[in-house]
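entry_38.csv follows (CSV, C-alpha atoms and all ligand atoms):
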```
chain,number,residue,atom,x,y,z
A,6,MET,CA,0.0,0.0,0.0
A,7,LEU,CA,1.3,3.4,-0.9
A,8,LYS,CA,1.1,5.9,1.9
A,9,ASP,CA,2.4,9.5,1.5
A,10,ILE,CA,4.5,9.3,-1.7
A,11,HIS,CA,6.0,12.8,-1.1
A,12,LYS,CA,7.8,11.6,2.0
A,13,ILE,CA,9.6,8.8,0.3
A,14,ARG,CA,13.4,9.1,0.4
A,15,SER,CA,14.6,5.5,0.4
A,16,ILE,CA,13.4,2.8,-2.0
A,17,VAL,CA,14.2,-0.8,-0.9
A,18,PHE,CA,14.0,-3.4,-3.6
A,19,ASP,CA,13.8,-7.1,-3.5
A,20,LEU,CA,16.0,-8.8,-6.1
A,21,ASP,CA,14.7,-12.1,-7.5
A,22,GLY,CA,11.4,-11.9,-9.2
A,23,THR,CA,11.4,-8.1,-8.7
A,24,LEU,CA,14.4,-6.6,-10.7
A,25,TYR,CA,14.2,-9.5,-13.1
A,26,VAL,CA,11.9,-12.4,-13.6
A,27,HIS,CA,13.3,-15.7,-14.9
A,28,ASP,CA,11.4,-18.9,-14.3
A,29,GLU,CA,14.3,-21.2,-15.2
A,30,LEU,CA,16.7,-19.4,-12.8
A,31,ALA,CA,14.0,-19.6,-10.1
A,32,ALA,CA,13.5,-23.3,-10.8
A,33,ASP,CA,17.3,-24.0,-10.7
A,34,THR,CA,17.4,-22.3,-7.2
A,35,TYR,CA,14.5,-24.4,-6.0
A,36,GLU,CA,16.2,-27.6,-7.4
A,37,CYS,CA,19.3,-26.7,-5.4
A,38,GLY,CA,17.2,-26.8,-2.3
A,39,VAL,CA,15.9,-30.3,-3.2
A,40,LEU,CA,19.3,-31.6,-4.2
A,41,LEU,CA,20.8,-30.4,-0.9
A,42,VAL,CA,18.1,-32.0,1.1
A,43,ALA,CA,18.7,-35.3,-0.8
A,44,ARG,CA,22.4,-35.1,-0.3
A,45,GLU,CA,22.2,-34.2,3.4
A,46,ARG,CA,19.7,-36.9,4.2
A,47,GLY,CA,21.1,-39.5,1.9
A,48,ILE,CA,17.7,-40.0,0.2
A,49,ALA,CA,16.5,-40.0,-3.4
A,50,VAL,CA,15.8,-36.7,-5.2
A,51,GLY,CA,12.1,-37.6,-5.6
A,52,GLU,CA,11.8,-38.2,-1.9
A,53,ALA,CA,13.6,-35.0,-1.1
A,54,ARG,CA,11.2,-33.1,-3.4
A,55,GLU,CA,8.3,-34.5,-1.5
A,56,LEU,CA,9.9,-33.4,1.8
A,57,VAL,CA,10.5,-29.9,0.5
A,58,LYS,CA,6.9,-29.7,-0.7
A,59,ASN,CA,5.5,-31.0,2.7
A,60,ALA,CA,7.8,-28.6,4.7
A,61,GLU,CA,6.5,-25.7,2.6
A,62,ARG,CA,2.9,-26.8,3.1
A,63,GLY,CA,3.5,-27.1,6.9
A,64,LEU,CA,5.0,-23.7,7.2
A,65,ILE,CA,2.1,-22.1,5.2
A,66,GLU,CA,-0.3,-23.7,7.6
A,67,ASN,CA,1.6,-22.8,10.8
A,68,LEU,CA,2.9,-19.4,9.9
A,69,GLU,CA,0.0,-18.5,7.6
A,70,ILE,CA,2.5,-17.0,5.1
A,71,THR,CA,4.4,-18.4,2.1
A,72,PRO,CA,7.9,-19.1,3.3
A,73,SER,CA,11.2,-18.4,1.5
A,74,LEU,CA,13.2,-21.3,0.2
A,75,THR,CA,15.9,-20.5,2.8
A,76,ARG,CA,13.3,-20.9,5.5
A,77,ILE,CA,12.0,-24.2,4.0
A,78,CYS,CA,15.5,-25.6,3.9
A,79,PHE,CA,16.1,-24.5,7.5
A,80,GLU,CA,12.9,-26.4,8.5
A,81,LEU,CA,14.6,-29.5,7.0
A,82,GLY,CA,17.7,-29.0,9.1
A,83,ILE,CA,19.8,-27.1,6.6
A,84,GLU,CA,21.3,-23.9,7.9
A,85,ALA,CA,21.1,-20.7,5.8
A,86,THR,CA,24.9,-20.6,5.6
A,87,GLU,CA,25.1,-24.1,4.2
A,88,PHE,CA,22.2,-23.5,1.7
A,89,HIS,CA,23.9,-20.4,0.3
A,90,ARG,CA,27.3,-21.9,0.2
A,91,TYR,CA,25.8,-24.6,-2.0
A,92,LEU,CA,23.8,-22.1,-4.1
A,93,LYS,CA,27.0,-20.2,-4.9
A,94,THR,CA,28.6,-23.3,-6.4
A,95,GLN,CA,25.6,-24.3,-8.4
A,96,ILE,CA,23.7,-21.3,-9.7
A,97,ARG,CA,25.0,-19.6,-12.9
A,98,PRO,CA,23.0,-16.4,-13.5
A,99,GLU,CA,25.1,-15.6,-16.6
A,100,GLN,CA,23.4,-18.5,-18.4
A,101,TYR,CA,20.1,-16.6,-18.1
A,102,LEU,CA,20.4,-12.9,-17.5
A,103,ASP,CA,21.5,-10.0,-19.7
A,104,TYR,CA,21.8,-6.3,-19.6
A,105,ASP,CA,18.3,-4.9,-19.2
A,106,PRO,CA,18.1,-1.4,-20.7
A,107,VAL,CA,14.5,-0.9,-19.4
A,108,LEU,CA,15.5,-1.7,-15.8
A,109,VAL,CA,18.6,0.5,-16.1
A,110,ALA,CA,16.5,3.5,-17.3
A,111,LEU,CA,13.8,3.0,-14.7
A,112,LEU,CA,16.2,2.7,-11.8
A,113,ASP,CA,18.6,5.4,-13.0
A,114,SER,CA,15.7,8.0,-13.1
A,115,LEU,CA,14.6,7.0,-9.5
A,116,HIS,CA,18.2,7.2,-8.4
A,117,ASP,CA,18.2,11.0,-9.1
A,118,GLN,CA,15.3,11.4,-6.6
A,119,CYS,CA,15.8,8.8,-3.9
A,120,GLN,CA,18.4,6.5,-2.4
A,121,LEU,CA,18.1,3.0,-3.7
A,122,TYR,CA,18.7,-0.1,-1.6
A,123,LEU,CA,18.5,-3.8,-2.1
A,124,TYR,CA,17.1,-6.2,0.6
A,125,THR,CA,17.2,-9.8,-0.5
A,126,ASN,CA,17.3,-13.3,0.7
A,127,ASN,CA,19.9,-14.0,-1.9
A,128,ASN,CA,23.7,-14.1,-1.0
A,129,LEU,CA,26.2,-11.3,-1.8
A,130,ALA,CA,28.1,-13.3,-4.5
A,131,LEU,CA,25.1,-14.1,-6.6
A,132,THR,CA,23.4,-10.7,-5.9
A,133,GLY,CA,26.6,-9.0,-7.2
A,134,GLN,CA,26.7,-11.1,-10.3
A,135,ILE,CA,23.0,-10.6,-11.1
A,136,LEU,CA,23.2,-6.8,-10.6
A,137,THR,CA,26.2,-6.6,-12.8
A,138,LEU,CA,24.6,-8.7,-15.5
A,139,LEU,CA,21.5,-6.5,-15.5
A,140,GLY,CA,23.6,-3.4,-15.6
A,141,VAL,CA,22.4,-1.8,-12.3
A,142,ALA,CA,25.2,-2.7,-9.9
A,143,ASP,CA,26.3,1.0,-9.4
A,144,LEU,CA,22.8,2.4,-8.6
A,145,PHE,CA,22.4,1.0,-5.1
A,146,GLN,CA,23.5,2.8,-1.9
A,147,ARG,CA,23.8,-0.4,0.0
A,148,LEU,CA,23.0,-4.1,-0.5
A,149,TYR,CA,21.4,-6.0,2.4
A,150,THR,CA,21.9,-9.6,1.4
A,151,ILE,CA,21.4,-12.8,3.5
A,152,GLU,CA,24.8,-12.2,5.1
A,153,PHE,CA,23.6,-9.0,6.8
A,154,THR,CA,21.8,-11.0,9.5
A,155,TRP,CA,21.5,-14.5,8.2
A,156,ARG,CA,17.8,-14.2,8.9
A,157,PRO,CA,15.7,-14.6,5.7
A,158,LYS,CA,12.8,-12.3,5.0
A,159,PRO,CA,10.2,-12.1,6.5
A,160,ASP,CA,11.9,-11.3,9.8
A,161,ALA,CA,10.8,-8.3,11.9
A,162,GLU,CA,14.2,-7.9,13.7
A,163,ALA,CA,16.2,-8.1,10.4
A,164,LEU,CA,13.8,-5.5,8.9
A,165,GLU,CA,14.4,-3.3,11.9
A,166,PHE,CA,18.2,-3.5,11.4
A,167,VAL,CA,17.8,-2.6,7.7
A,168,MET,CA,15.6,0.4,8.5
A,169,CYS,CA,17.9,1.6,11.3
A,170,ASP,CA,20.9,1.3,9.1
A,171,ILE,CA,19.3,3.3,6.3
A,172,GLY,CA,17.7,5.7,8.8
A,173,GLY,CA,14.6,7.8,8.6
A,174,PRO,CA,10.9,7.4,9.7
A,175,PRO,CA,8.8,4.6,8.3
A,176,GLU,CA,7.0,7.1,6.0
A,177,SER,CA,10.3,7.8,4.2
A,178,PHE,CA,10.5,4.2,2.9
A,179,LEU,CA,9.0,2.4,-0.1
A,180,PHE,CA,9.5,-1.3,-0.2
A,181,VAL,CA,9.1,-3.0,-3.6
A,182,GLY,CA,8.8,-6.7,-4.1
A,183,ASP,CA,7.1,-9.6,-5.9
A,184,ARG,CA,5.9,-11.5,-2.9
A,185,TYR,CA,3.6,-9.8,-0.4
A,186,ASP,CA,4.2,-12.2,2.5
A,187,ILE,CA,8.0,-12.2,2.1
A,188,ASP,CA,8.8,-8.7,1.0
A,189,LEU,CA,6.0,-6.4,2.0
A,190,ARG,CA,3.8,-7.6,4.9
A,191,LEU,CA,6.1,-6.5,7.7
A,192,PRO,CA,7.2,-3.2,6.1
A,193,ASP,CA,3.5,-2.5,5.5
A,194,ALA,CA,2.7,-3.2,9.2
A,195,ARG,CA,5.6,-0.9,10.2
A,196,GLY,CA,4.0,2.0,8.4
A,197,CYS,CA,6.1,2.0,5.2
A,198,SER,CA,4.8,2.3,1.7
A,199,THR,CA,4.9,-0.9,-0.3
A,200,LEU,CA,4.4,-1.8,-3.9
A,201,GLN,CA,4.0,-5.4,-5.2
A,202,ILE,CA,5.0,-5.9,-8.8
A,203,SER,CA,5.1,-8.9,-11.1
A,204,GLU,CA,7.4,-7.6,-13.9
A,205,VAL,CA,10.1,-5.0,-14.3
A,206,ALA,CA,7.8,-2.7,-16.3
A,207,ASP,CA,5.5,-2.4,-13.2
A,208,LEU,CA,8.3,-0.3,-11.7
A,209,LEU,CA,6.9,2.5,-13.9
A,210,GLN,CA,4.1,2.9,-11.3
A,211,ILE,CA,6.6,4.5,-9.0
A,212,HIS,CA,7.6,7.1,-11.6
A,213,LYS,CA,3.9,7.9,-12.3
A,214,LEU,CA,3.2,8.4,-8.6
A,215,MET,CA,6.3,10.5,-8.0
A,216,HIS,CA,5.9,12.4,-11.3
A,217,ILE,CA,9.3,11.3,-12.5
A,218,ILE,CA,10.0,11.1,-16.2
A,219,PRO,CA,12.1,8.0,-16.9
A,301,MG,MG,11.4,-12.0,-4.8
```
Before anything else, please render the file you have as structure tokens.
Amino acid sequence: MLKDIHKIRSIVFDLDGTLYVHDELAADTYECGVLLVARERGIAVGEARELVKNAERGLIENLEITPSLTRICFELGIEATEFHRYLKTQIRPEQYLDYDPVLVALLDSLHDQCQLYLYTNNNLALTGQILTLLGVADLFQRLYTIEFTWRPKPDAEALEFVMCDIGGPPESFLFVGDRYDIDLRLPDARGCSTLQISEVADLLQIHKLMHIIP
């Protein structure tokens, strides 16, 4: 929900599914979770896939939110550090992502008006690679990756650390993400503006509201 758009000074973006959308890359990441569960438990991949699905279902029922993959793996006994160490060795974003002139233009014009930040459950190595491939690595004031607190979104305490580190009242923040439960529910409850998007072109909504010409 967008509150007072004129008070916004800091825009905090999610990365995956927000600054780019790529089903195969998302599927590769999910598959890494499954393979790691299979390896750690010494079970077949099909069995691990069922375990991951069931853990996800259980978390949805208990927490009443859709959990992140890091959280699902944690539920199955895999620490976030271990999961991300594995992801770094397996995921190759350069196979899928390219320079995105639309994203560059949209973020560059916002960058003139606000400070831009990234808050993601992804790790620093992959985040850096992805931002460089997309062409937007230089536009962010700071990157809050999983290493910042090792507590995946949604996490109220981690959000507090991010907001304190950036500074400013809740009204000065706009959080942008593709998943309400993971990216936006807590910032919304804290009194920040939020915007849910499903493709990069949706970012144009921010420009329209702020009267910025991209
Ligand atoms: Mg996302």
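Ranking A:Asp9, A:Asp170, A:Asp21, A:Glu152 by their shortest atom-to-atom distance to ligand MG 301 (chain A), with only C-alpha atoms and all ligand atoms included, puts A:Asp21 first.
Minimum atom-to-atom distances from A:Phe178, A:Tyr149, A:Tyr124, A:Tyr101 to ligand MG 301 (chain A) were compared using all atoms listed in the file, and the lowest value belongs to A:Tyr124.
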Query - Pick from A:Gly82, A:Pro192, A:Gly47, A:Pro72 nearest to ligand MG 301 (chain A), counting all atoms listed in the file - result: A:Pro72
Query - Nearest candidate to ligand MG 301 (chain A) (options A:Leu214, A:Val141, A:Leu20, A:Ala31; using all atoms listed in the file) - result: A:Leu20
Query raised in the report: Could you list, as a VMD selection string, all the residues within 7 Å of ligand MG 301 (chain A), counting only C-alpha atoms and all ligand atoms?
Result: chain A and resid 19 to 23 182 to 184
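Counting only C-alpha atoms and comparing A:Leu138, A:Ala110, A:Met168, A:Leu131, the residue that lies closest to A:Tyr91 is A:Leu131.
With atom CA of A:Leu81 on one side and atom CA of A:Val50 on the other, the separation reads 14.2 Å.
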Query - Residues within 10 Å of A:Thr34, all atoms listed in the file, excluding chain neighbours under 5 positions, as a PyMOL selection string - result: chain A and resi 28-29+39-40+74+92+95-97
Kindly save the residues from that selection, with C-alpha atoms included, as a CSV table (one decimal), in the coordinates of the input.
```csv
chain,number,residue,atom,x,y,z
A,28,ASP,CA,11.4,-18.9,-14.3
A,29,GLU,CA,14.3,-21.2,-15.2
A,39,VAL,CA,15.9,-30.3,-3.2
A,40,LEU,CA,19.3,-31.6,-4.2
A,74,LEU,CA,13.2,-21.3,0.2
A,92,LEU,CA,23.8,-22.1,-4.1
A,95,GLN,CA,25.6,-24.3,-8.4
A,96,ILE,CA,23.7,-21.3,-9.7
A,97,ARG,CA,25.0,-19.6,-12.9
```
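Residues surrounding A:Leu56 within 12 Å are Gly38, Val39, Leu40, Leu41, Val42, Ala43, Arg46, Ile48, Ala49, Val50, Arg62, Gly63, Ile77, Cys78, Glu80, Leu81 and Gly82 of chain A [all atoms listed in the file; sequence separation below 6 positions excluded].
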Would you mind exporting the chosen residues as a PDB file, in the frame of the given file, restricted to C-alpha atoms?
```pdb
ATOM      1  CA  GLY A  38      17.200 -26.800  -2.300  1.00  0.00           C
ATOM      2  CA  VAL A  39      15.900 -30.300  -3.200  1.00  0.00           C
ATOM      3  CA  LEU A  40      19.300 -31.600  -4.200  1.00  0.00           C
ATOM      4  CA  LEU A  41      20.800 -30.400  -0.900  1.00  0.00           C
ATOM      5  CA  VAL A  42      18.100 -32.000   1.100  1.00  0.00           C
ATOM      6  CA  ALA A  43      18.700 -35.300  -0.800  1.00  0.00           C
ATOM      7  CA  ARG A  46      19.700 -36.900   4.200  1.00  0.00           C
ATOM      8  CA  ILE A  48      17.700 -40.000   0.200  1.00  0.00           C
ATOM      9  CA  ALA A  49      16.500 -40.000  -3.400  1.00  0.00           C
ATOM     10  CA  VAL A  50      15.800 -36.700  -5.200  1.00  0.00           C
ATOM     11  CA  ARG A  62       2.900 -26.800   3.100  1.00  0.00           C
ATOM     12  CA  GLY A  63       3.500 -27.100   6.900  1.00  0.00           C
ATOM     13  CA  ILE A  77      12.000 -24.200   4.000  1.00  0.00           C
ATOM     14  CA  CYS A  78      15.500 -25.600   3.900  1.00  0.00           C
ATOM     15  CA  GLU A  80      12.900 -26.400   8.500  1.00  0.00           C
ATOM     16  CA  LEU A  81      14.600 -29.500   7.000  1.00  0.00           C
ATOM     17  CA  GLY A  82      17.700 -29.000   9.100  1.00  0.00           C
TER      18      GLY A  82
END
```
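Counting all atoms listed in the file, A:Val109 has the following residues at most 12 Å away, ignoring those fewer than 5 positions along the same chain: A:Leu24, A:Tyr25, A:Asp103, A:Tyr104, A:Ser114, A:Leu115, A:His116, A:Leu136, A:Thr137, A:Leu138, A:Leu139, A:Gly140, A:Val141, A:Ala142, A:Asp143, A:Leu144, A:Phe145, A:Val205, A:Ala206, A:Leu208, A:Pro219.
Across the structure, atom CA of A:Gly133 and atom CA of A:Leu191 are spaced 25.5 Å apart.
For the pair atom CA of A:Leu108 and atom CA of A:Asp186, the interatomic distance is 23.9 Å.
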Report task. For stretch 172-177 of chain A, work out the shell of residues within 12 Å, counting only C-alpha atoms and skipping chain neighbours fewer than 4 positions away, then give it as an MDAnalysis selection string. Result -> chainID A and resid 6:17 119:120 122 164:168 191:199
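With distances restricted to all atoms listed in the file, A:Lys93 is the closest residue to A:Leu129 from A:Pro106, A:Leu189, A:Lys93, A:Ala161.
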Taking N, CA and C atoms as the atom set, what does stretch 59-86 of chain A look like once completed, written as a CSV table (one decimal), keeping the file's coordinate frame?
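Full text of result-v1.csv as output:
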```csv
chain,number,residue,atom,x,y,z
A,59,ASN,N,6.3,-30.8,1.4
A,59,ASN,CA,5.5,-31.0,2.7
A,59,ASN,C,6.0,-29.9,3.7
A,60,ALA,N,7.3,-29.6,3.7
A,60,ALA,CA,7.8,-28.6,4.7
A,60,ALA,C,7.2,-27.3,4.3
A,61,GLU,N,7.1,-27.0,3.0
A,61,GLU,CA,6.5,-25.7,2.6
A,61,GLU,C,5.0,-25.6,3.0
A,62,ARG,N,4.3,-26.7,2.8
A,62,ARG,CA,2.9,-26.8,3.1
A,62,ARG,C,2.7,-26.6,4.6
A,63,GLY,N,3.6,-27.3,5.4
A,63,GLY,CA,3.5,-27.1,6.9
A,63,GLY,C,3.7,-25.7,7.4
A,64,LEU,N,4.7,-25.1,6.7
A,64,LEU,CA,5.0,-23.7,7.2
A,64,LEU,C,3.9,-22.7,6.8
A,65,ILE,N,3.3,-23.0,5.6
A,65,ILE,CA,2.1,-22.1,5.2
A,65,ILE,C,1.0,-22.3,6.2
A,66,GLU,N,0.8,-23.5,6.7
A,66,GLU,CA,-0.3,-23.7,7.6
A,66,GLU,C,0.0,-23.1,9.0
A,67,ASN,N,1.3,-23.3,9.4
A,67,ASN,CA,1.6,-22.8,10.8
A,67,ASN,C,1.8,-21.3,10.9
A,68,LEU,N,2.5,-20.8,9.9
A,68,LEU,CA,2.9,-19.4,9.9
A,68,LEU,C,1.9,-18.5,9.2
A,69,GLU,N,1.0,-19.2,8.4
A,69,GLU,CA,0.0,-18.5,7.6
A,69,GLU,C,0.7,-17.5,6.6
A,70,ILE,N,1.9,-17.8,6.2
A,70,ILE,CA,2.5,-17.0,5.1
A,70,ILE,C,3.3,-18.0,4.2
A,71,THR,N,3.6,-17.6,3.0
A,71,THR,CA,4.4,-18.4,2.1
A,71,THR,C,5.8,-18.2,2.5
A,72,PRO,N,6.5,-19.3,2.8
A,72,PRO,CA,7.9,-19.1,3.3
A,72,PRO,C,8.9,-19.0,2.2
A,73,SER,N,10.1,-18.5,2.5
A,73,SER,CA,11.2,-18.4,1.5
A,73,SER,C,11.8,-19.8,1.4
A,74,LEU,N,12.6,-20.0,0.4
A,74,LEU,CA,13.2,-21.3,0.2
A,74,LEU,C,14.3,-21.5,1.3
A,75,THR,N,15.0,-20.4,1.7
A,75,THR,CA,15.9,-20.5,2.8
A,75,THR,C,15.3,-21.0,4.0
A,76,ARG,N,14.0,-20.5,4.3
A,76,ARG,CA,13.3,-20.9,5.5
A,76,ARG,C,12.8,-22.4,5.4
A,77,ILE,N,12.4,-22.8,4.2
A,77,ILE,CA,12.0,-24.2,4.0
A,77,ILE,C,13.2,-25.1,4.3
A,78,CYS,N,14.3,-24.8,3.7
A,78,CYS,CA,15.5,-25.6,3.9
A,78,CYS,C,15.9,-25.7,5.4
A,79,PHE,N,15.8,-24.6,6.1
A,79,PHE,CA,16.1,-24.5,7.5
A,79,PHE,C,15.2,-25.4,8.3
A,80,GLU,N,13.9,-25.5,7.9
A,80,GLU,CA,12.9,-26.4,8.5
A,80,GLU,C,13.4,-27.8,8.4
A,81,LEU,N,14.1,-28.1,7.3
A,81,LEU,CA,14.6,-29.5,7.0
A,81,LEU,C,16.0,-29.7,7.6
A,82,GLY,N,16.4,-28.8,8.4
A,82,GLY,CA,17.7,-29.0,9.1
A,82,GLY,C,18.9,-28.4,8.4
A,83,ILE,N,18.7,-27.6,7.3
A,83,ILE,CA,19.8,-27.1,6.6
A,83,ILE,C,20.0,-25.6,7.0
A,84,GLU,N,21.1,-25.3,7.5
A,84,GLU,CA,21.3,-23.9,7.9
A,84,GLU,C,21.4,-23.0,6.7
A,85,ALA,N,21.0,-21.7,6.9
A,85,ALA,CA,21.1,-20.7,5.8
A,85,ALA,C,22.5,-20.6,5.2
A,86,THR,N,23.5,-20.7,6.1
A,86,THR,CA,24.9,-20.6,5.6
A,86,THR,C,25.2,-21.7,4.6
```
